[in-house]
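Asks: I'm passing along input-v1.cif; it holds mmCIF, C-alpha atoms.
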```
data_structure
#
loop_
_atom_site.group_PDB
_atom_site.id
_atom_site.type_symbol
_atom_site.label_atom_id
_atom_site.label_comp_id
_atom_site.auth_asym_id
_atom_site.auth_seq_id
_atom_site.Cartn_x
_atom_site.Cartn_y
_atom_site.Cartn_z
ATOM 1 C CA MET A 7 -46.292 103.138 163.897
ATOM 2 C CA PHE A 8 -46.811 99.475 164.827
ATOM 3 C CA LEU A 9 -45.547 100.206 168.321
ATOM 4 C CA LEU A 10 -48.005 103.093 168.694
ATOM 5 C CA ALA A 11 -50.872 100.918 167.425
ATOM 6 C CA GLY A 12 -49.884 98.170 169.879
ATOM 7 C CA VAL A 13 -49.733 100.577 172.822
ATOM 8 C CA LEU A 14 -53.141 102.051 171.911
ATOM 9 C CA LEU A 15 -54.601 98.555 171.521
ATOM 10 C CA VAL A 16 -53.357 97.458 174.950
ATOM 11 C CA PHE A 17 -54.567 100.723 176.497
ATOM 12 C CA GLY A 18 -57.996 100.404 174.870
ATOM 13 C CA ALA A 19 -58.377 96.766 175.840
ATOM 14 C CA ASN A 20 -57.561 97.431 179.495
ATOM 15 C CA ARG A 21 -59.414 100.701 179.896
ATOM 16 C CA GLY A 22 -62.066 100.347 182.548
ATOM 17 C CA GLY A 23 -65.581 101.294 181.507
ATOM 18 C CA GLY A 24 -66.578 102.324 185.011
ATOM 19 C CA PRO A 25 -69.285 100.656 187.053
ATOM 20 C CA LYS A 26 -72.237 99.347 185.053
ATOM 21 C CA THR A 27 -75.869 99.760 185.939
ATOM 22 C CA GLN A 28 -77.985 96.603 186.273
ATOM 23 C CA GLN A 29 -79.631 97.272 182.916
ATOM 24 C CA GLU A 30 -76.233 97.720 181.242
ATOM 25 C CA ARG A 31 -75.106 94.396 182.719
ATOM 26 C CA ILE A 32 -78.265 92.670 181.464
ATOM 27 C CA ASP A 33 -77.883 94.191 177.982
ATOM 28 C CA SER A 34 -74.215 93.303 177.824
ATOM 29 C CA LEU A 35 -74.770 89.708 178.991
ATOM 30 C CA THR A 36 -77.736 89.064 176.699
ATOM 31 C CA SER A 37 -75.796 90.537 173.744
ATOM 32 C CA ASN A 38 -73.221 87.790 174.290
ATOM 33 C CA LEU A 39 -75.796 84.989 174.316
ATOM 34 C CA ALA A 40 -77.283 83.397 171.205
ATOM 35 C CA CYS A 41 -81.013 82.841 171.044
ATOM 36 C CA PRO A 42 -81.269 79.009 171.093
ATOM 37 C CA THR A 43 -84.251 78.861 168.728
ATOM 38 C CA CYS A 44 -83.293 81.573 166.215
ATOM 39 C CA SER A 45 -80.582 81.807 163.627
ATOM 40 C CA GLY A 46 -78.016 84.533 164.059
ATOM 41 C CA GLU A 47 -79.859 86.551 166.684
ATOM 42 C CA SER A 48 -78.694 87.315 170.179
ATOM 43 C CA VAL A 49 -80.920 86.964 173.224
ATOM 44 C CA PHE A 50 -80.776 90.774 173.459
ATOM 45 C CA GLU A 51 -82.331 91.202 169.996
ATOM 46 C CA SER A 52 -84.687 88.246 169.806
ATOM 47 C CA ARG A 53 -88.338 88.230 170.841
ATOM 48 C CA ALA A 54 -88.534 84.401 170.766
ATOM 49 C CA VAL A 55 -89.988 82.664 173.828
ATOM 50 C CA ALA A 56 -86.711 80.960 174.749
ATOM 51 C CA ALA A 57 -84.802 84.244 174.396
ATOM 52 C CA GLU A 58 -87.361 86.060 176.572
ATOM 53 C CA ALA A 59 -86.988 83.329 179.206
ATOM 54 C CA ILE A 60 -83.185 83.590 179.186
ATOM 55 C CA ARG A 61 -83.397 87.390 179.353
ATOM 56 C CA SER A 62 -85.697 87.133 182.382
ATOM 57 C CA GLU A 63 -83.337 84.671 184.076
ATOM 58 C CA VAL A 64 -80.322 86.927 183.438
ATOM 59 C CA ALA A 65 -82.271 89.909 184.799
ATOM 60 C CA ARG A 66 -83.279 87.891 187.872
ATOM 61 C CA GLN A 67 -79.694 86.812 188.564
ATOM 62 C CA VAL A 68 -78.314 90.321 188.021
ATOM 63 C CA ALA A 69 -80.952 91.738 190.384
ATOM 64 C CA ALA A 70 -80.121 89.072 192.989
ATOM 65 C CA GLY A 71 -76.491 90.215 192.815
ATOM 66 C CA LEU A 72 -75.133 86.818 193.820
ATOM 67 C CA ARG A 73 -73.274 85.949 190.626
ATOM 68 C CA THR A 74 -70.642 87.676 188.528
ATOM 69 C CA ASP A 75 -71.185 88.172 184.787
ATOM 70 C CA GLU A 76 -68.893 85.221 184.100
ATOM 71 C CA GLU A 77 -70.867 83.005 186.480
ATOM 72 C CA ILE A 78 -74.189 84.009 184.902
ATOM 73 C CA LEU A 79 -72.845 83.182 181.421
ATOM 74 C CA GLY A 80 -71.555 79.874 182.838
ATOM 75 C CA PHE A 81 -75.006 79.086 184.284
ATOM 76 C CA ILE A 82 -76.715 79.649 180.913
ATOM 77 C CA GLU A 83 -73.958 77.758 179.088
ATOM 78 C CA GLN A 84 -74.363 74.787 181.437
ATOM 79 C CA ARG A 85 -78.082 74.625 180.628
ATOM 80 C CA PHE A 86 -78.070 75.288 176.870
ATOM 81 C CA GLY A 87 -74.568 74.152 175.869
ATOM 82 C CA GLY A 88 -71.508 75.995 174.563
ATOM 83 C CA GLN A 89 -73.273 77.028 171.336
ATOM 84 C CA VAL A 90 -75.265 79.582 173.330
ATOM 85 C CA LEU A 91 -72.118 81.700 173.792
ATOM 86 C CA LEU A 92 -71.644 84.175 170.941
ATOM 87 C CA VAL A 93 -68.038 84.813 172.009
ATOM 88 C CA PRO A 94 -66.249 81.452 172.333
ATOM 89 C CA ARG A 95 -64.252 80.808 175.480
ATOM 90 C CA ALA A 96 -60.462 81.072 175.292
ATOM 91 C CA ASP A 97 -59.768 77.710 176.957
ATOM 92 C CA GLY A 98 -59.823 74.060 175.924
ATOM 93 C CA LEU A 99 -60.573 73.158 172.316
ATOM 94 C CA ASP A 100 -62.457 76.450 171.864
ATOM 95 C CA SER A 101 -59.161 78.314 172.198
ATOM 96 C CA LEU A 102 -58.328 77.102 168.663
ATOM 97 C CA VAL A 103 -60.868 79.644 167.403
ATOM 98 C CA TRP A 104 -58.576 82.374 168.719
ATOM 99 C CA ALA A 105 -55.197 80.698 168.241
ATOM 100 C CA LEU A 106 -55.564 79.385 164.675
ATOM 101 C CA PRO A 107 -56.105 82.748 162.917
ATOM 102 C CA VAL A 108 -53.103 84.199 164.770
ATOM 103 C CA ALA A 109 -50.971 81.172 163.864
ATOM 104 C CA VAL A 110 -52.046 81.418 160.210
ATOM 105 C CA ALA A 111 -51.313 85.170 160.160
ATOM 106 C CA VAL A 112 -47.839 84.693 161.706
ATOM 107 C CA PHE A 113 -47.044 81.863 159.293
ATOM 108 C CA SER A 114 -48.249 83.917 156.306
ATOM 109 C CA LEU A 115 -46.087 86.881 157.352
ATOM 110 C CA PHE A 116 -43.106 84.584 157.780
ATOM 111 C CA MET A 117 -43.605 83.132 154.291
ATOM 112 C CA LEU A 118 -44.037 86.627 152.842
ATOM 113 C CA PHE A 119 -40.792 87.876 154.398
ATOM 114 C CA SER A 120 -39.001 84.703 153.235
ATOM 115 C CA ALA A 121 -40.194 85.332 149.680
ATOM 116 C CA PHE A 122 -39.096 88.992 149.775
ATOM 117 C CA ALA A 123 -35.689 88.003 151.155
ATOM 118 C CA LYS A 124 -35.283 85.464 148.379
ATOM 119 C CA TRP A 125 -36.138 88.013 145.694
ATOM 120 C CA ARG A 126 -33.649 90.456 147.214
ATOM 121 C CA ASP A 127 -30.871 87.819 147.135
ATOM 122 C CA ASN A 128 -31.585 87.062 143.470
ATOM 123 C CA ARG A 129 -31.195 90.692 142.364
ATOM 124 C CA PRO A 130 -28.320 91.234 139.816
ATOM 125 C CA SER A 131 -25.281 92.336 141.808
ATOM 126 C CA ALA A 132 -22.437 94.704 140.782
ATOM 127 C CA PRO A 133 -20.048 93.221 138.128
ATOM 128 C CA SER A 134 -17.036 91.377 139.519
ATOM 129 C CA ASN A 135 -13.420 92.014 138.427
ATOM 130 C CA ASP A 136 -13.611 88.993 136.167
ATOM 131 C CA ASP A 137 -16.769 90.367 134.515
ATOM 132 C CA GLU A 138 -15.070 93.705 133.901
ATOM 133 C CA LEU A 139 -12.043 91.914 132.468
ATOM 134 C CA ILE A 140 -14.220 89.963 130.020
ATOM 135 C CA VAL A 141 -16.003 93.136 128.908
ATOM 136 C CA ALA A 142 -12.678 94.980 128.494
ATOM 137 C CA ARG A 143 -11.305 92.132 126.392
ATOM 138 C CA ALA A 144 -14.398 92.089 124.220
ATOM 139 C CA LEU A 145 -14.188 95.846 123.651
ATOM 140 C CA ASP A 146 -10.493 95.584 122.774
ATOM 141 C CA GLU A 147 -11.216 92.832 120.266
ATOM 142 C CA ARG A 148 -13.936 94.911 118.626
ATOM 143 C CA GLU A 149 -11.729 97.965 118.330
ATOM 144 C CA SER A 150 -8.725 96.080 116.962
ATOM 145 C CA MET B 10 -34.724 73.502 157.058
ATOM 146 C CA LYS B 11 -34.861 75.357 153.746
ATOM 147 C CA SER B 12 -37.952 77.471 153.153
ATOM 148 C CA LYS B 13 -39.004 75.260 150.207
ATOM 149 C CA ASN B 14 -38.959 72.189 152.452
ATOM 150 C CA LEU B 15 -40.749 74.114 155.183
ATOM 151 C CA VAL B 16 -43.539 75.043 152.770
ATOM 152 C CA LYS B 17 -43.891 71.399 151.743
ATOM 153 C CA PHE B 18 -43.921 70.307 155.389
ATOM 154 C CA VAL B 19 -46.579 72.836 156.426
ATOM 155 C CA SER B 20 -48.664 72.117 153.315
ATOM 156 C CA ALA B 21 -48.581 68.420 154.183
ATOM 157 C CA ILE B 22 -49.769 69.152 157.735
ATOM 158 C CA VAL B 23 -52.608 71.376 156.460
ATOM 159 C CA ALA B 24 -53.622 68.666 153.953
ATOM 160 C CA VAL B 25 -53.681 66.036 156.714
ATOM 161 C CA VAL B 26 -55.816 68.256 158.982
ATOM 162 C CA VAL B 27 -58.289 68.998 156.162
ATOM 163 C CA ALA B 28 -58.448 65.287 155.301
ATOM 164 C CA MET B 29 -59.141 64.484 158.967
ATOM 165 C CA PHE B 30 -62.020 66.995 159.008
ATOM 166 C CA PHE B 31 -63.548 65.282 155.979
ATOM 167 C CA VAL B 32 -63.143 61.853 157.594
ATOM 168 C CA VAL B 33 -64.879 63.099 160.756
ATOM 169 C CA LEU B 34 -67.727 64.597 158.682
ATOM 170 C CA LEU B 35 -68.166 61.368 156.717
ATOM 171 C CA VAL B 36 -67.971 59.022 159.707
ATOM 172 C CA ALA B 37 -69.981 61.086 162.237
ATOM 173 C CA GLU B 38 -73.489 59.809 162.926
ATOM 174 C CA PRO B 39 -76.261 62.416 162.733
ATOM 175 C CA ASP B 40 -77.632 63.304 166.165
ATOM 176 C CA THR B 41 -81.209 62.149 165.645
ATOM 177 C CA ASP B 42 -81.733 60.397 168.964
ATOM 178 C CA MET B 43 -84.772 61.546 170.914
ATOM 179 C CA VAL B 44 -82.880 60.792 174.086
ATOM 180 C CA ALA B 45 -80.761 63.907 174.184
ATOM 181 C CA ARG B 46 -77.584 64.981 175.931
ATOM 182 C CA SER B 47 -77.552 67.569 178.672
ATOM 183 C CA PRO B 48 -74.954 68.705 181.185
ATOM 184 C CA LEU B 49 -77.663 68.144 183.819
ATOM 185 C CA LEU B 50 -77.750 64.369 183.302
ATOM 186 C CA GLY B 51 -76.395 62.658 186.401
ATOM 187 C CA GLN B 52 -76.603 65.930 188.335
ATOM 188 C CA PRO B 53 -79.067 66.933 191.044
ATOM 189 C CA ALA B 54 -82.160 68.431 189.430
ATOM 190 C CA PRO B 55 -82.373 72.226 189.578
ATOM 191 C CA ALA B 56 -84.205 73.430 192.664
ATOM 192 C CA ILE B 57 -87.387 74.713 191.110
ATOM 193 C CA SER B 58 -90.451 75.936 192.883
ATOM 194 C CA SER B 59 -93.667 77.314 191.488
ATOM 195 C CA ARG B 60 -97.429 76.819 191.716
ATOM 196 C CA THR B 61 -99.957 74.607 190.012
ATOM 197 C CA ILE B 62 -102.693 76.258 187.966
ATOM 198 C CA GLU B 63 -104.945 75.659 190.988
ATOM 199 C CA GLY B 64 -102.553 77.764 193.055
ATOM 200 C CA ASP B 65 -101.025 74.967 195.151
ATOM 201 C CA PRO B 66 -97.301 75.293 195.844
ATOM 202 C CA PHE B 67 -94.913 72.968 194.019
ATOM 203 C CA ALA B 68 -91.264 72.368 194.924
ATOM 204 C CA LEU B 69 -89.375 69.742 192.949
ATOM 205 C CA GLU B 70 -87.016 68.852 195.776
ATOM 206 C CA ARG B 71 -89.993 67.866 197.933
ATOM 207 C CA ARG B 72 -90.778 65.130 195.408
ATOM 208 C CA LYS B 73 -87.643 63.175 196.409
ATOM 209 C CA GLY B 74 -88.441 59.528 197.004
ATOM 210 C CA SER B 75 -90.517 59.244 193.828
ATOM 211 C CA TRP B 76 -89.698 58.999 190.179
ATOM 212 C CA VAL B 77 -90.680 62.318 188.634
ATOM 213 C CA VAL B 78 -91.448 62.978 184.986
ATOM 214 C CA LEU B 79 -91.588 66.606 183.840
ATOM 215 C CA ASN B 80 -93.246 67.289 180.505
ATOM 216 C CA PHE B 81 -92.746 70.783 179.059
ATOM 217 C CA PHE B 82 -95.952 71.613 177.232
ATOM 218 C CA ASN B 83 -97.816 74.253 175.261
ATOM 219 C CA SER B 84 -101.442 73.706 174.263
ATOM 220 C CA THR B 85 -100.899 75.155 170.759
ATOM 221 C CA CYS B 86 -97.808 73.073 169.938
ATOM 222 C CA VAL B 87 -98.730 70.274 167.528
ATOM 223 C CA PRO B 88 -96.189 67.656 168.759
ATOM 224 C CA CYS B 89 -97.370 68.361 172.336
ATOM 225 C CA ILE B 90 -100.975 67.706 171.286
ATOM 226 C CA ASN B 91 -99.941 64.587 169.361
ATOM 227 C CA GLU B 92 -98.090 63.018 172.280
ATOM 228 C CA HIS B 93 -100.775 63.831 174.846
ATOM 229 C CA PRO B 94 -102.677 60.497 174.559
ATOM 230 C CA LEU B 95 -99.360 58.688 175.205
ATOM 231 C CA LEU B 96 -98.882 60.708 178.396
ATOM 232 C CA VAL B 97 -102.424 59.877 179.502
ATOM 233 C CA ASP B 98 -101.691 56.156 178.987
ATOM 234 C CA PHE B 99 -98.348 56.496 180.789
ATOM 235 C CA ALA B 100 -99.924 58.267 183.791
ATOM 236 C CA ASP B 101 -102.662 55.643 183.920
ATOM 237 C CA ALA B 102 -100.157 52.760 183.897
ATOM 238 C CA GLU B 103 -97.935 54.416 186.524
ATOM 239 C CA SER B 104 -100.887 55.094 188.852
ATOM 240 C CA ARG B 105 -101.402 51.342 189.142
ATOM 241 C CA ARG B 106 -97.838 50.730 190.361
ATOM 242 C CA PRO B 107 -96.812 51.095 194.007
ATOM 243 C CA ASP B 108 -93.646 52.906 192.894
ATOM 244 C CA GLY B 109 -95.355 54.715 190.034
ATOM 245 C CA ALA B 110 -93.747 57.827 188.606
ATOM 246 C CA GLU B 111 -95.347 61.222 189.217
ATOM 247 C CA LEU B 112 -96.063 63.143 186.040
ATOM 248 C CA TYR B 113 -96.094 66.943 185.951
ATOM 249 C CA THR B 114 -96.800 69.277 183.068
ATOM 250 C CA ILE B 115 -94.618 72.367 182.993
ATOM 251 C CA ILE B 116 -96.541 75.062 181.158
ATOM 252 C CA ASN B 117 -94.379 76.749 178.534
ATOM 253 C CA ASP B 118 -95.501 80.193 177.308
ATOM 254 C CA ASP B 119 -99.185 79.437 177.725
ATOM 255 C CA ASN B 120 -101.963 80.608 180.032
ATOM 256 C CA SER B 121 -103.741 78.632 182.719
ATOM 257 C CA GLU B 122 -107.129 78.995 181.029
ATOM 258 C CA SER B 123 -105.965 77.383 177.769
ATOM 259 C CA ILE B 124 -104.269 74.604 179.712
ATOM 260 C CA ARG B 125 -107.385 73.942 181.791
ATOM 261 C CA ASN B 126 -109.546 73.800 178.638
ATOM 262 C CA PHE B 127 -107.092 71.485 176.889
ATOM 263 C CA PHE B 128 -106.906 69.014 179.776
ATOM 264 C CA ASP B 129 -110.690 69.112 180.333
ATOM 265 C CA LYS B 130 -111.127 68.137 176.701
ATOM 266 C CA ASN B 131 -108.253 65.649 176.315
ATOM 267 C CA GLY B 132 -107.878 64.123 179.771
ATOM 268 C CA GLY B 133 -104.943 64.062 182.173
ATOM 269 C CA ASP B 134 -105.511 64.705 185.858
ATOM 270 C CA TRP B 135 -101.911 65.259 186.896
ATOM 271 C CA SER B 136 -100.639 68.617 188.172
ATOM 272 C CA LYS B 137 -99.882 71.433 185.755
ATOM 273 C CA ILE B 138 -97.118 73.725 186.942
ATOM 274 C CA THR B 139 -96.952 77.368 185.938
ATOM 275 C CA ASP B 140 -93.583 78.663 184.734
ATOM 276 C CA ASP B 141 -93.564 82.425 185.074
ATOM 277 C CA ASN B 142 -90.930 84.063 182.865
ATOM 278 C CA GLY B 143 -89.746 80.623 181.750
ATOM 279 C CA ALA B 144 -87.530 80.167 184.817
ATOM 280 C CA ILE B 145 -88.096 76.386 184.938
ATOM 281 C CA ALA B 146 -87.445 76.054 181.183
ATOM 282 C CA VAL B 147 -84.150 77.945 181.547
ATOM 283 C CA ALA B 148 -83.178 75.907 184.620
ATOM 284 C CA PHE B 149 -83.469 72.744 182.481
ATOM 285 C CA GLY B 150 -82.172 74.330 179.272
ATOM 286 C CA VAL B 151 -85.439 73.808 177.405
ATOM 287 C CA ALA B 152 -85.697 75.970 174.300
ATOM 288 C CA ARG B 153 -88.438 74.141 172.411
ATOM 289 C CA VAL B 154 -91.403 72.048 173.494
ATOM 290 C CA PRO B 155 -92.242 69.276 173.942
ATOM 291 C CA GLU B 156 -89.453 67.990 176.141
ATOM 292 C CA THR B 157 -89.682 65.320 178.778
ATOM 293 C CA TRP B 158 -87.297 64.819 181.689
ATOM 294 C CA ILE B 159 -87.006 61.921 184.116
ATOM 295 C CA ILE B 160 -85.719 62.469 187.650
ATOM 296 C CA ASP B 161 -84.936 59.557 189.973
ATOM 297 C CA PRO B 162 -86.052 59.211 193.623
ATOM 298 C CA ASN B 163 -82.717 60.713 194.758
ATOM 299 C CA GLY B 164 -83.531 63.869 192.843
ATOM 300 C CA VAL B 165 -80.935 63.201 190.146
ATOM 301 C CA VAL B 166 -81.696 64.001 186.497
ATOM 302 C CA ARG B 167 -81.573 60.695 184.610
ATOM 303 C CA LEU B 168 -82.965 61.289 181.130
ATOM 304 C CA ARG B 169 -83.932 64.014 178.699
ATOM 305 C CA ILE B 170 -86.236 63.285 175.764
ATOM 306 C CA THR B 171 -86.572 66.032 173.170
ATOM 307 C CA GLY B 172 -89.438 66.229 170.708
ATOM 308 C CA GLU B 173 -92.639 64.262 170.404
ATOM 309 C CA LEU B 174 -92.790 60.993 172.350
ATOM 310 C CA THR B 175 -93.295 57.791 170.434
ATOM 311 C CA GLU B 176 -95.517 54.895 171.498
ATOM 312 C CA GLY B 177 -94.181 53.207 174.649
ATOM 313 C CA LEU B 178 -90.912 55.195 174.714
ATOM 314 C CA LEU B 179 -91.487 56.919 178.041
ATOM 315 C CA GLY B 180 -92.698 53.773 179.842
ATOM 316 C CA ARG B 181 -89.744 51.750 178.513
ATOM 317 C CA GLN B 182 -87.228 54.380 179.553
ATOM 318 C CA VAL B 183 -88.683 54.705 183.055
ATOM 319 C CA ASP B 184 -88.670 50.891 183.427
ATOM 320 C CA LEU B 185 -85.038 50.701 182.298
ATOM 321 C CA LEU B 186 -84.044 53.433 184.724
ATOM 322 C CA ARG B 187 -85.965 51.732 187.541
ATOM 323 C CA GLU B 188 -84.059 48.471 186.907
ATOM 324 C CA ASP B 189 -80.771 50.340 186.799
ATOM 325 C CA PHE B 190 -81.642 52.241 189.970
ATOM 326 C CA SER B 191 -82.602 49.160 191.982
ATOM 327 C CA SER B 192 -79.556 47.099 190.905
#
```
Represent the structure contained in this file as structure tokens.
Replies:
Amino acid sequence: MFLLAGVLLVFGANRGGGPKTQQERIDSLTSNLACPTCSGESVFESRAVAAEAIRSEVARQVAAGLRTDEEILGFIEQRFGGQVLLVPRADGLDSLVWALPVAVAVFSLFMLFSAFAKWRDNRPSAPSNDDELIVARALDERES
Amino acid sequence: MKSKNLVKFVSAIVAVVVAMFFVVLLVAEPDTDMVARSPLLGQPAPAISSRTIEGDPFALERRKGSWVVLNFFNSTCVPCINEHPLLVDFADAESRRPDGAELYTIINDDNSESIRNFFDKNGGDWSKITDDNGAIAVAFGVARVPETWIIDPNGVVRLRITGELTEGLLGRQVDLLREDFSS
């Protein structure tokens, strides 16, 4: 089951979406940028002046066709700072955002399995020969 | 290592990390400086070109050789209105110097008519640059006005001041940068 889920996850993550139109690129890029003057809104959603300006700049750069999506995001990030990216980068200190939850999840699973293993070891086991001998003696004494 | 010891060890590490976060929060100074950080500081100024409200062409890179001050402005923004007399004084003082800085207003989300009316009423005969679609604001990473930027004669961005200017701040900063530049 886990294997199937893993295979589907890898397949889904790597599946190409086909070529994007310019408008799709603009929408996708602006959905990944935070409006610098709003709280919790992306540039795609916001009607704030700064968001409109960023949207226009993204549209201009996409139309010019000189920069990749990554380069356009880098351009905006260089101007407005890392907080403008809604999806943190996976390098440098920012990578902790991705690595820490995984590390915590792995550690929690490890602790859970350790606890289960401990409980299993502490289960009452089958009586030993000595135990049976003691019980037999006790029964004999009661009957006699 | 037994699992009990491992739990203690990891708990100790987590406690230390949390304690360090609290120390950082307690010790960190609030970022209230008007002189703000920007990745553009020390870098060549973005190559911007536009037009003045009179329709004359403006290209920032053609201003090399002079100190340039860009003030991002909107005629309805209260801090912009408040700091305007200080900009008039600054421009006046700089015009009397042989190496005086050139001041430009970058119009932010405003129309030429409002800008013309504002400057007719409140003074200021420097050039006002139109910023269609906010391209200049994005090039400098300006999200809110007012903001003031200083660019040296080599075309390198030297200072960013966010928010309303205070008395004498701009003149002092330009003087300090001039001294630094000539030494």
Asks: Range 127-134 of chain A, all listed atoms, 5 Å padding on each side: what axis-aligned box centre and edge lengths in Å to one decimal come out, as JSON?
Replies:
```
{"center_x": -24.3, "center_y": 90.9, "center_z": 142.6, "size_x": 24.5, "size_y": 17.6, "size_z": 19.0}
```
Asks: Between CA of Ala100 in chain B and CA of Gly172 in chain B, what distance in Å does the model show, to one decimal?
Replies: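 Atom-to-atom, CA of Ala100 in chain B and CA of Gly172 in chain B are spaced 18.6 Å apart.
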Asks: Show me, as a ChimeraX atom specification, the residues of chain B whose atoms get within 10 Å of chain A, using all atoms listed in the file for the distance check.
Replies: /B:12-13,15-16,19,46-49,117-118,140-153
Asks: To one decimal in Å, tell me the separation between CA of Arg181 in chain B and CA of Ile138 in chain B.
Replies: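 The value is 24.7 Å.
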Asks: Go through the shown structure with the PyMOL selection byres ((chain B and resi 131) around 12) and write out the matching residues as a PyMOL selection string.
Replies: chain B and resi 84+89-98+124-130+132-134
Asks: Determine the residue set returned by the PyMOL selection byres ((chain A and resi 39) around 7) for the present structure, and present it as JSON, numbers by chain.
Replies: {"A": [35, 36, 37, 38, 40, 41, 48, 49, 90, 91, 92]}
Asks: Which residues match the PyMOL selection byres ((chain B and resi 64) around 12) in the file above, as a PyMOL selection string?
Replies: chain B and resi 59-63+65-67+121+136-139
Asks: What does the structure give for the distance between CA of Ala24 in chain B and CA of Val112 in chain A, in Å to one decimal?
Replies: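 Computing the Euclidean distance for CA of Ala24 in chain B and CA of Val112 in chain A yields 18.7 Å.
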Asks: For Leu179 in chain B, which residue out of B:Phe99, B:Tyr113, B:Phe82, B:Phe18 is the nearest one, using all atoms listed in the file?
Replies: B:Phe99
Asks: Need to verify the contact set: Ala54 in chain B, 12 Å, all atoms listed in the file, exclusion of same-chain residues closer than 5 positions in sequence. Can you return it as a count of residues only?
Replies: 29
Asks: Show which residues sit within 12 Å of range 95-100 of chain A, as a PyMOL selection string. Count only C-alpha atoms, and ignore same-chain residues fewer than 5 positions away.
Replies: chain A and resi 38+76+79-80+83+88-90+105-106
Asks: For Lys26 in chain A, which residue out of A:Cys44, A:Ala123, A:Val68, A:Ala132 is the nearest one, using only C-alpha atoms?
Replies: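 Nearest to Lys26 in chain A: A:Val68.
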